[in-house]
Amino acid sequence: MPDMRDKPRTEGAVIHPLGVDGLLISFGADLTEPANRAALAFRAAVDAAELPGLVELSTALTSVYLRLDLTCTDHATTRSALDGLLASRNWYEAALPEGRRLWHVPAIFGTDLAPQLDEAAALAGLSPAAAVTMLCSAPLRVQTIGFAAGQPYLGQLPRQWDIPRQTGLTPRVPVGALAVAIRQLVLFSVSTPTGWRHVGQTALRLFQPEKDNPFLLRPGDEVLFRSVSTAEYENIRANDPTGGAVAERLG
Amino acid sequence: MAELLITRAGPGVTIQDTGRPGYLAQGLSRGGAADALALAEGAALLEQDSSCAAIELAGSFLSIETTAPLRIALTGALMRAISDDKVLPWHASHMLPQGAKLELSGSRGGYSYLHAGGGIDAPKILGARSAHLAAGIGRMLEPGDRLTPGTDKGRASGMALTPQQRFAGGVLRVIATPQTQLFPEDVLARFTATAFCKDARGNRMGQRLVSAAQGFALPFGLSILSEAIVPGDIQITGDGAPFVLLAECQTTGGYPRIGTVLPCDLPKLVQAPAGSELRFEFVTLDMAVATEQAEAARRAALPRSLRPLIRDPQDIADLLSFQLISGVTSGDDLERNAV
């Protein structure tokens, strides 16, 4: 059994092989604001460095993944370049990416359209009304896009939202569903089974493959939800192809 | 204009190519043919680029008609291919005349491919023609669909190749993941000593494996922070069974991964018939890189491994051996038509 364990880097970042042709740079085993910023900023730096043989680059919550064309480069060369980049600054202090946007998004909470609001609010120790107020009180950051096409993980919610996933799966939530667990909201880009609790419903379409710009959100964007009535939600859904989302530039 | 008209299609018949890299950051996995080797074999048989799109059958059936002469190749999991009362040998290329009917049936699971000279010229979405059903790109083919082949620059047909052995289970080579070291040594030892079978519930996103052994779950497995995952990663889910992620998998995941199957061994997994034994063997990263490079060179050389489909006794013995394994067609069908 080969030992792939690595010595920790400066600032606690660790580089691991991931698959035969990939490397994973992890900035922390727990989701923290600095680790999330570090991942986003380091990804941008790797992109700008134009490493030879780099064919794919992505971030998760606190990590960056690179896939390499091993006919153009090798692990050692790339790791050496990454070591240099890691040592060049304290990535945990990096600013958020440029070109970020704040999205105002109408959502309906509870009702038959989002049936697990009461259950999730109770787990957070809140009344349903207080839960909705809290979820809509401040913008949430797109901490990563992943799992499915265009699908954002939004956070970080206040501590009382550190509620577990369900042990069983909800067989299917619709496109645009807003679901909560572990201090995050997921906005679903496809209809899918999930262990997260379905507390809200938006009319957003996060991935439209036929469009020139198929992905709505980017990591670093922020989303502020606005609670709307069933009638308003149905009106948006029927008449507004943008799902009622309005973007403004941040910073 | 040459067209390929779908007259019958079972579930899980899609257009596939080598997939769409470059969108992982947006949550879209590469996708592409479940058996990438079968795609390369079809391209070699038709003397065309392996980026050409083909029709993938996930253990299903398909009937087509042609509106013009069409070169085709048949690769991947063996099926019965009948065109106007003749049985066409599998792992081979053929020329279909104008108005020909072709029926593919008798699948015993795995992934089978029908390739067209010039490739299937479906519209490109985000740089590829592959259906990615999980992301809502493309769809399953249906009766009445009309597909257009690309410009066919090749001429050869009636060629065959001996497919790389991958239709009977076997050993899957794996490398360590960032979480492999979290599994205790005795669990890893048990993992490599266990014989697994494919669970019936596999698809293009992933394949669950079952065994008589107890599970391999980590007690703290559910608290791992979600990070990038790659096809071939072996997730150990809550019930302790390994789940191997495939072409159309999600892009991030939070289950611990005990290892990653080498890309060149994934065809052996997706094509393993029900009930056949699969085992895992750890190799070093250096060995894995060398193995992948050797396989890439072998695939590049596939066009030089073709032989004509003639009544050479050696060839016929070869083809008959496949028939004996599969029992799909009788041997004399082949002898009558292997010309």
# chains A, B, ... in the order shown; residues from 1 in each chain; ligands from 1
$ closest_atom_pairs --of "segment 89-150 of chain B" --to "segment 7-16 of chain B" --cutoff "10 Å" --atoms "only C-alpha atoms" --output "Markdown table"
| residue | atom | partner | partner_atom | distance |
| --- | --- | --- | --- | --- |
| B:Lys101 | CA | B:Thr7 | CA | 9.2 |
| B:Leu102 | CA | B:Thr7 | CA | 9.6 |
| B:Glu103 | CA | B:Arg8 | CA | 8.6 |
| B:Leu104 | CA | B:Ala9 | CA | 9.5 |
| B:Ser105 | CA | B:Gly10 | CA | 9.7 |
| B:Tyr111 | CA | B:Gly12 | CA | 9.7 |
| B:Ser112 | CA | B:Val13 | CA | 9.5 |
| B:Tyr113 | CA | B:Gln16 | CA | 9.1 |
| B:Leu114 | CA | B:Ile15 | CA | 9.7 |
| B:His115 | CA | B:Ile15 | CA | 10.0 |
| B:Ile120 | CA | B:Ile15 | CA | 7.7 |
| B:Asp121 | CA | B:Ile15 | CA | 9.7 |
| B:Ala122 | CA | B:Ile15 | CA | 8.0 |
| B:Ala128 | CA | B:Gln16 | CA | 8.7 |
| B:Arg129 | CA | B:Gln16 | CA | 6.5 |
| B:Ser130 | CA | B:Gln16 | CA | 4.1 |
| B:Ala131 | CA | B:Ile15 | CA | 5.8 |
| B:His132 | CA | B:Gln16 | CA | 8.7 |
| B:Leu133 | CA | B:Thr14 | CA | 9.1 |
| B:Gly138 | CA | B:Thr14 | CA | 8.2 |
| B:Arg139 | CA | B:Thr14 | CA | 6.7 |
| B:Met140 | CA | B:Thr14 | CA | 4.9 |
| B:Leu141 | CA | B:Val13 | CA | 5.6 |
| B:Glu142 | CA | B:Ala9 | CA | 5.7 |
| B:Pro143 | CA | B:Thr7 | CA | 4.7 |
| B:Gly144 | CA | B:Thr7 | CA | 6.0 |
| B:Asp145 | CA | B:Thr7 | CA | 7.9 |
| B:Arg146 | CA | B:Thr7 | CA | 9.3 |
| B:Leu147 | CA | B:Ile15 | CA | 9.8 |
$ interface_residues --of "chain B" --to "chain A" --cutoff "8 Å" --atoms "only C-alpha atoms" --output "PyMOL selection string"
chain B and resi 21-29+125-126+134-137+175-178+181+224-230+232-233+250-253+260-263+282-285+288-289
$ write_last_selection --atoms "N, CA and C atoms" --output "compact mmCIF listing (two decimals), in the first residue's frame"
# COMPACT_ATOMS: atom_id res chain seq x y z
N PRO B 21 -14.54 18.06 -21.58
CA PRO B 21 -13.70 18.53 -20.50
C PRO B 21 -13.79 20.04 -20.35
N GLY B 22 -13.38 20.56 -19.22
CA GLY B 22 -13.26 22.00 -19.04
C GLY B 22 -14.38 22.64 -18.26
N TYR B 23 -15.38 21.87 -17.86
CA TYR B 23 -16.51 22.46 -17.13
C TYR B 23 -16.65 21.95 -15.70
N LEU B 24 -15.60 21.32 -15.21
CA LEU B 24 -15.66 20.81 -13.83
C LEU B 24 -15.93 21.93 -12.83
N ALA B 25 -15.30 23.08 -13.07
CA ALA B 25 -15.46 24.21 -12.14
C ALA B 25 -16.90 24.68 -12.09
N GLN B 26 -17.66 24.40 -13.14
CA GLN B 26 -19.08 24.77 -13.17
C GLN B 26 -19.97 23.60 -12.77
N GLY B 27 -19.37 22.53 -12.29
CA GLY B 27 -20.17 21.42 -11.78
C GLY B 27 -20.59 20.40 -12.82
N LEU B 28 -19.99 20.51 -14.02
CA LEU B 28 -20.39 19.59 -15.09
C LEU B 28 -19.26 18.60 -15.35
N SER B 29 -19.51 17.32 -15.12
CA SER B 29 -18.47 16.32 -15.35
C SER B 29 -18.30 16.05 -16.84
N ILE B 125 -22.89 20.66 -28.12
CA ILE B 125 -23.30 21.51 -26.99
C ILE B 125 -22.12 21.59 -26.04
N LEU B 126 -21.65 22.80 -25.76
CA LEU B 126 -20.46 23.01 -24.92
C LEU B 126 -19.30 22.14 -25.41
N ALA B 134 -27.63 13.28 -16.85
CA ALA B 134 -27.72 13.80 -15.48
C ALA B 134 -27.75 15.33 -15.49
N ALA B 135 -27.10 15.95 -16.48
CA ALA B 135 -27.06 17.41 -16.55
C ALA B 135 -28.15 17.97 -17.46
N GLY B 136 -28.96 17.09 -18.06
CA GLY B 136 -30.01 17.58 -18.95
C GLY B 136 -29.49 17.97 -20.32
N ILE B 137 -28.34 17.44 -20.73
CA ILE B 137 -27.81 17.70 -22.07
C ILE B 137 -28.12 16.49 -22.95
N ILE B 175 -5.18 3.35 -7.45
CA ILE B 175 -4.18 4.12 -6.71
C ILE B 175 -4.85 4.73 -5.49
N ALA B 176 -4.01 5.16 -4.55
CA ALA B 176 -4.53 5.74 -3.32
C ALA B 176 -5.17 7.10 -3.60
N THR B 177 -6.14 7.45 -2.80
CA THR B 177 -6.77 8.78 -2.84
C THR B 177 -6.29 9.55 -1.61
N PRO B 178 -6.64 10.85 -1.53
CA PRO B 178 -6.28 11.58 -0.30
C PRO B 178 -6.90 10.97 0.96
N GLN B 181 -5.58 6.77 3.30
CA GLN B 181 -4.87 6.57 4.56
C GLN B 181 -5.78 6.63 5.78
N ILE B 224 -16.77 14.02 6.16
CA ILE B 224 -15.68 14.52 5.31
C ILE B 224 -16.19 15.64 4.41
N LEU B 225 -15.40 16.71 4.36
CA LEU B 225 -15.80 17.88 3.58
C LEU B 225 -15.74 17.55 2.09
N SER B 226 -16.78 17.99 1.39
CA SER B 226 -16.91 17.72 -0.04
C SER B 226 -15.71 18.28 -0.82
N GLU B 227 -15.17 17.49 -1.75
CA GLU B 227 -14.07 17.97 -2.59
C GLU B 227 -14.19 17.32 -3.96
N ALA B 228 -13.27 17.71 -4.87
CA ALA B 228 -13.36 17.22 -6.25
C ALA B 228 -13.30 15.70 -6.27
N ILE B 229 -14.11 15.10 -7.12
CA ILE B 229 -14.01 13.67 -7.34
C ILE B 229 -13.80 13.42 -8.83
N VAL B 230 -13.23 12.27 -9.15
CA VAL B 230 -12.91 11.95 -10.54
C VAL B 230 -13.48 10.59 -10.89
N GLY B 232 -13.71 6.85 -11.61
CA GLY B 232 -12.84 5.81 -11.09
C GLY B 232 -12.72 5.84 -9.58
N ASP B 233 -13.05 6.98 -8.97
CA ASP B 233 -13.02 7.05 -7.50
C ASP B 233 -13.98 6.02 -6.92
N GLN B 250 -21.09 12.94 -10.49
CA GLN B 250 -21.09 14.30 -9.95
C GLN B 250 -19.64 14.79 -9.86
N THR B 251 -19.45 16.11 -9.70
CA THR B 251 -18.08 16.66 -9.72
C THR B 251 -17.46 16.78 -8.34
N THR B 252 -18.29 16.78 -7.30
CA THR B 252 -17.74 16.85 -5.95
C THR B 252 -18.48 15.83 -5.08
N GLY B 253 -17.85 15.44 -4.00
CA GLY B 253 -18.50 14.46 -3.14
C GLY B 253 -17.87 14.45 -1.77
N THR B 260 -8.80 4.94 -6.31
CA THR B 260 -9.28 5.38 -7.62
C THR B 260 -8.86 4.34 -8.66
N VAL B 261 -9.83 3.81 -9.40
CA VAL B 261 -9.53 2.84 -10.44
C VAL B 261 -8.82 3.55 -11.60
N LEU B 262 -7.77 2.94 -12.13
CA LEU B 262 -7.08 3.50 -13.28
C LEU B 262 -8.06 3.66 -14.45
N PRO B 263 -8.00 4.80 -15.15
CA PRO B 263 -8.92 4.98 -16.28
C PRO B 263 -8.89 3.82 -17.27
N PHE B 282 -3.92 -2.44 -5.37
CA PHE B 282 -3.26 -1.13 -5.33
C PHE B 282 -1.95 -1.15 -6.11
N VAL B 283 -1.72 -0.07 -6.86
CA VAL B 283 -0.43 0.12 -7.52
C VAL B 283 0.06 1.53 -7.13
N THR B 284 1.35 1.77 -7.34
CA THR B 284 1.88 3.10 -7.02
C THR B 284 1.46 4.09 -8.11
N LEU B 285 1.56 5.37 -7.79
CA LEU B 285 1.23 6.39 -8.78
C LEU B 285 2.15 6.27 -10.00
N ALA B 288 0.99 3.56 -12.12
CA ALA B 288 -0.27 3.93 -12.77
C ALA B 288 -0.01 4.84 -13.98
N VAL B 289 0.88 5.81 -13.80
CA VAL B 289 1.20 6.72 -14.91
C VAL B 289 1.79 5.93 -16.07
$ atom_distance --atom1 "atom CA of Gly106 of chain B" --atom2 "atom CA of Leu309 of chain B"
22.2 Å
$ select_by_dssp --residues "segment 35-193 of chain B" --states "alpha helix (DSSP H)" --output "count of residues only"
19
$ atom_distance --atom1 "atom CA of Ala238 of chain A" --atom2 "atom CA of Pro174 of chain A"
15.5 Å
$ atom_distance --atom1 "atom CA of Phe42 of chain A" --atom2 "atom CA of Arg159 of chain A"
27.1 Å
$ residues_around --residues "segment 267-274 of chain B" --least-positions-apart "3" --cutoff "9 Å" --atoms "only C-alpha atoms" --output "PyMOL selection string"
chain B and resi 34-38+76-77+108-111+165-172+197-200+202-204+207+244+246+263-264+277-278
$ write_last_selection --atoms "N, CA and C atoms" --output "CSV table (one decimal), in the first residue's frame"
chain,number,residue,atom,x,y,z
B,34,ALA,N,-19.1,5.4,-21.9
B,34,ALA,CA,-18.8,4.6,-20.7
B,34,ALA,C,-17.6,3.7,-20.9
B,35,ASP,N,-17.4,3.2,-22.1
B,35,ASP,CA,-16.3,2.4,-22.4
B,35,ASP,C,-15.5,3.1,-23.5
B,36,ALA,N,-14.5,4.0,-23.0
B,36,ALA,CA,-13.8,4.8,-23.9
B,36,ALA,C,-12.9,4.0,-24.9
B,37,LEU,N,-12.5,2.8,-24.4
B,37,LEU,CA,-11.7,1.9,-25.3
B,37,LEU,C,-12.6,1.5,-26.5
B,38,ALA,N,-13.9,1.2,-26.3
B,38,ALA,CA,-14.7,0.8,-27.4
B,38,ALA,C,-14.9,1.9,-28.4
B,76,GLY,N,-17.5,-2.9,-28.3
B,76,GLY,CA,-18.0,-3.0,-27.0
B,76,GLY,C,-18.7,-4.4,-26.7
B,77,ALA,N,-19.6,-4.4,-25.8
B,77,ALA,CA,-20.3,-5.6,-25.4
B,77,ALA,C,-21.0,-6.3,-26.6
B,108,ARG,N,-26.4,-8.7,-23.3
B,108,ARG,CA,-26.3,-9.4,-21.9
B,108,ARG,C,-25.7,-8.4,-20.9
B,109,GLY,N,-26.0,-7.1,-21.2
B,109,GLY,CA,-25.4,-6.1,-20.3
B,109,GLY,C,-24.2,-5.5,-20.8
B,110,GLY,N,-23.6,-4.5,-20.1
B,110,GLY,CA,-22.5,-3.8,-20.5
B,110,GLY,C,-22.9,-2.7,-21.6
B,111,TYR,N,-21.9,-2.2,-22.2
B,111,TYR,CA,-22.1,-1.1,-23.2
B,111,TYR,C,-21.7,-1.5,-24.6
B,165,GLN,N,-9.2,-7.8,-23.9
B,165,GLN,CA,-10.0,-8.7,-23.0
B,165,GLN,C,-10.6,-7.8,-21.8
B,166,ARG,N,-11.8,-7.7,-21.8
B,166,ARG,CA,-12.4,-6.9,-20.7
B,166,ARG,C,-13.9,-7.3,-20.5
B,167,PHE,N,-14.3,-8.4,-20.9
B,167,PHE,CA,-15.7,-8.8,-20.8
B,167,PHE,C,-15.9,-10.0,-19.8
B,168,ALA,N,-15.0,-10.1,-18.9
B,168,ALA,CA,-15.2,-11.3,-18.0
B,168,ALA,C,-14.7,-10.9,-16.5
B,169,GLY,N,-14.8,-9.7,-16.2
B,169,GLY,CA,-14.4,-9.3,-14.8
B,169,GLY,C,-12.8,-9.3,-14.7
B,170,GLY,N,-12.3,-9.5,-13.5
B,170,GLY,CA,-10.9,-9.5,-13.3
B,170,GLY,C,-10.4,-8.5,-12.3
B,171,VAL,N,-9.1,-8.2,-12.5
B,171,VAL,CA,-8.5,-7.3,-11.5
B,171,VAL,C,-8.5,-5.8,-12.0
B,172,LEU,N,-9.0,-4.9,-11.1
B,172,LEU,CA,-9.0,-3.5,-11.4
B,172,LEU,C,-7.8,-2.9,-10.6
B,197,CYS,N,-18.9,-8.3,-7.0
B,197,CYS,CA,-19.7,-8.4,-8.2
B,197,CYS,C,-20.4,-7.1,-8.4
B,198,LYS,N,-20.8,-6.8,-9.7
B,198,LYS,CA,-21.6,-5.6,-9.9
B,198,LYS,C,-23.0,-5.8,-9.4
B,199,ASP,N,-23.5,-4.7,-8.7
B,199,ASP,CA,-24.9,-4.7,-8.3
B,199,ASP,C,-25.7,-4.4,-9.6
B,200,ALA,N,-26.9,-4.8,-9.6
B,200,ALA,CA,-27.8,-4.6,-10.8
B,200,ALA,C,-28.0,-3.1,-11.0
B,202,GLY,N,-26.4,-0.4,-11.7
B,202,GLY,CA,-25.4,0.5,-12.2
B,202,GLY,C,-25.9,1.4,-13.3
B,203,ASN,N,-25.3,2.5,-13.5
B,203,ASN,CA,-25.6,3.4,-14.7
B,203,ASN,C,-24.4,4.1,-15.0
B,204,ARG,N,-24.5,5.1,-15.9
B,204,ARG,CA,-23.4,5.9,-16.4
B,204,ARG,C,-22.8,6.8,-15.3
B,207,GLN,N,-21.3,2.7,-10.4
B,207,GLN,CA,-21.6,1.3,-10.3
B,207,GLN,C,-21.3,0.9,-8.9
B,244,VAL,N,-18.3,2.8,-7.4
B,244,VAL,CA,-17.3,3.3,-8.3
B,244,VAL,C,-17.9,4.4,-9.2
B,246,LEU,N,-18.4,6.8,-12.4
B,246,LEU,CA,-18.1,6.6,-13.8
B,246,LEU,C,-18.2,8.0,-14.6
B,263,PRO,N,-8.0,4.8,-15.2
B,263,PRO,CA,-8.9,5.0,-16.3
B,263,PRO,C,-8.9,3.8,-17.3
B,264,CYS,N,-7.7,3.2,-17.5
B,264,CYS,CA,-7.6,2.2,-18.5
B,264,CYS,C,-8.2,0.9,-18.0
B,277,GLU,N,-16.4,-11.9,-11.3
B,277,GLU,CA,-15.7,-11.5,-10.2
B,277,GLU,C,-14.8,-10.3,-10.5
B,278,LEU,N,-14.8,-9.3,-9.6
B,278,LEU,CA,-14.0,-8.1,-9.7
B,278,LEU,C,-13.2,-8.0,-8.5
$ residues_around --residues "segment 103-119 of chain A" --least-positions-apart "2" --cutoff "7 Å" --atoms "only C-alpha atoms" --output "ChimeraX atom specification"
/A:101,121-123,128,132,197-202,222-230,233,244-248
$ residues_around --residues "Pro163 of chain B" --least-positions-apart "3" --cutoff "12 Å" --atoms "only C-alpha atoms" --output "PyMOL selection string"
chain B and resi 37-42+44-45+74-78+90-92+160+166-167+267-268+298-299+302+305-306+318-319+322
$ write_last_selection --atoms "N, CA, C and O atoms" --output "CSV table (one decimal), in the first residue's frame"
chain,number,residue,atom,x,y,z
B,37,LEU,N,-12.5,2.8,-24.4
B,37,LEU,CA,-11.7,1.9,-25.3
B,37,LEU,C,-12.6,1.5,-26.5
B,37,LEU,O,-12.1,1.4,-27.6
B,38,ALA,N,-13.9,1.2,-26.3
B,38,ALA,CA,-14.7,0.8,-27.4
B,38,ALA,C,-14.9,1.9,-28.4
B,38,ALA,O,-15.0,1.6,-29.6
B,39,LEU,N,-14.8,3.1,-28.0
B,39,LEU,CA,-14.9,4.3,-28.9
B,39,LEU,C,-13.6,4.3,-29.7
B,39,LEU,O,-13.7,4.5,-31.0
B,40,ALA,N,-12.5,4.1,-29.1
B,40,ALA,CA,-11.2,4.1,-29.8
B,40,ALA,C,-11.2,2.9,-30.8
B,40,ALA,O,-10.7,3.0,-31.9
B,41,GLU,N,-11.7,1.8,-30.4
B,41,GLU,CA,-11.7,0.6,-31.3
B,41,GLU,C,-12.6,0.8,-32.5
B,41,GLU,O,-12.2,0.5,-33.7
B,42,GLY,N,-13.7,1.5,-32.3
B,42,GLY,CA,-14.6,1.8,-33.4
B,42,GLY,C,-14.0,2.8,-34.4
B,42,GLY,O,-14.1,2.6,-35.6
B,44,ALA,N,-10.8,3.1,-34.9
B,44,ALA,CA,-9.7,2.4,-35.6
B,44,ALA,C,-10.3,1.6,-36.7
B,44,ALA,O,-9.8,1.6,-37.8
B,45,LEU,N,-11.4,0.9,-36.5
B,45,LEU,CA,-12.0,0.1,-37.5
B,45,LEU,C,-12.5,0.9,-38.7
B,45,LEU,O,-12.5,0.4,-39.8
B,74,LEU,N,-19.0,-2.1,-35.1
B,74,LEU,CA,-19.7,-2.6,-34.0
B,74,LEU,C,-18.6,-2.9,-32.9
B,74,LEU,O,-17.7,-3.7,-33.2
B,75,THR,N,-18.7,-2.3,-31.7
B,75,THR,CA,-17.7,-2.6,-30.7
B,75,THR,C,-18.3,-2.6,-29.3
B,75,THR,O,-19.5,-2.4,-29.2
B,76,GLY,N,-17.5,-2.9,-28.3
B,76,GLY,CA,-18.0,-3.0,-27.0
B,76,GLY,C,-18.7,-4.4,-26.7
B,76,GLY,O,-18.3,-5.4,-27.3
B,77,ALA,N,-19.6,-4.4,-25.8
B,77,ALA,CA,-20.3,-5.6,-25.4
B,77,ALA,C,-21.0,-6.3,-26.6
B,77,ALA,O,-21.7,-5.6,-27.3
B,78,LEU,N,-20.7,-7.5,-26.7
B,78,LEU,CA,-21.2,-8.3,-27.8
B,78,LEU,C,-22.7,-8.3,-27.9
B,78,LEU,O,-23.4,-8.4,-26.9
B,90,TRP,N,-19.3,-9.1,-34.8
B,90,TRP,CA,-19.1,-7.9,-33.9
B,90,TRP,C,-17.6,-7.6,-33.9
B,90,TRP,O,-16.8,-8.4,-34.5
B,91,HIS,N,-17.2,-6.5,-33.3
B,91,HIS,CA,-15.8,-6.1,-33.3
B,91,HIS,C,-15.2,-6.0,-34.7
B,91,HIS,O,-14.1,-6.4,-35.0
B,92,ALA,N,-16.1,-5.4,-35.6
B,92,ALA,CA,-15.7,-5.4,-37.0
B,92,ALA,C,-16.4,-4.2,-37.7
B,92,ALA,O,-17.3,-3.6,-37.1
B,160,ALA,N,-11.7,-6.4,-39.0
B,160,ALA,CA,-12.0,-6.9,-37.7
B,160,ALA,C,-10.8,-6.6,-36.8
B,160,ALA,O,-9.7,-6.4,-37.3
B,166,ARG,N,-11.8,-7.7,-21.8
B,166,ARG,CA,-12.4,-6.9,-20.7
B,166,ARG,C,-13.9,-7.3,-20.5
B,166,ARG,O,-14.7,-6.5,-19.9
B,167,PHE,N,-14.3,-8.4,-20.9
B,167,PHE,CA,-15.7,-8.8,-20.8
B,167,PHE,C,-15.9,-10.0,-19.8
B,167,PHE,O,-16.9,-10.7,-20.0
B,267,PRO,N,-13.0,0.3,-18.4
B,267,PRO,CA,-13.8,-0.6,-19.4
B,267,PRO,C,-14.0,-2.0,-18.8
B,267,PRO,O,-15.1,-2.6,-19.0
B,268,LYS,N,-13.0,-2.5,-18.1
B,268,LYS,CA,-13.2,-3.8,-17.5
B,268,LYS,C,-14.3,-3.9,-16.5
B,268,LYS,O,-15.0,-4.8,-16.3
B,298,ARG,N,-0.9,1.9,-26.9
B,298,ARG,CA,-1.6,0.7,-27.5
B,298,ARG,C,-2.8,1.1,-28.3
B,298,ARG,O,-3.1,0.7,-29.4
B,299,ARG,N,-3.6,2.1,-27.7
B,299,ARG,CA,-4.8,2.5,-28.4
B,299,ARG,C,-4.4,3.3,-29.7
B,299,ARG,O,-5.1,3.2,-30.7
B,302,LEU,N,-3.9,0.9,-32.5
B,302,LEU,CA,-5.0,0.0,-32.9
B,302,LEU,C,-5.3,-0.1,-34.4
B,302,LEU,O,-5.5,-1.2,-34.9
B,305,SER,N,-3.6,-2.9,-36.0
B,305,SER,CA,-3.9,-4.3,-35.5
B,305,SER,C,-5.1,-4.9,-36.3
B,305,SER,O,-5.5,-6.0,-36.0
B,306,LEU,N,-5.7,-4.2,-37.2
B,306,LEU,CA,-6.8,-4.7,-37.9
B,306,LEU,C,-6.5,-5.8,-38.9
B,306,LEU,O,-5.4,-5.9,-39.4
B,318,ASP,N,-11.1,-17.8,-34.0
B,318,ASP,CA,-11.2,-16.6,-33.1
B,318,ASP,C,-12.6,-16.2,-32.9
B,318,ASP,O,-13.0,-16.0,-31.7
B,319,LEU,N,-13.3,-15.9,-34.0
B,319,LEU,CA,-14.6,-15.4,-33.9
B,319,LEU,C,-15.5,-16.4,-33.2
B,319,LEU,O,-16.4,-16.1,-32.4
B,322,PHE,N,-15.6,-16.3,-29.5
B,322,PHE,CA,-16.5,-15.3,-28.9
B,322,PHE,C,-17.9,-15.8,-28.9
B,322,PHE,O,-18.7,-15.6,-27.9
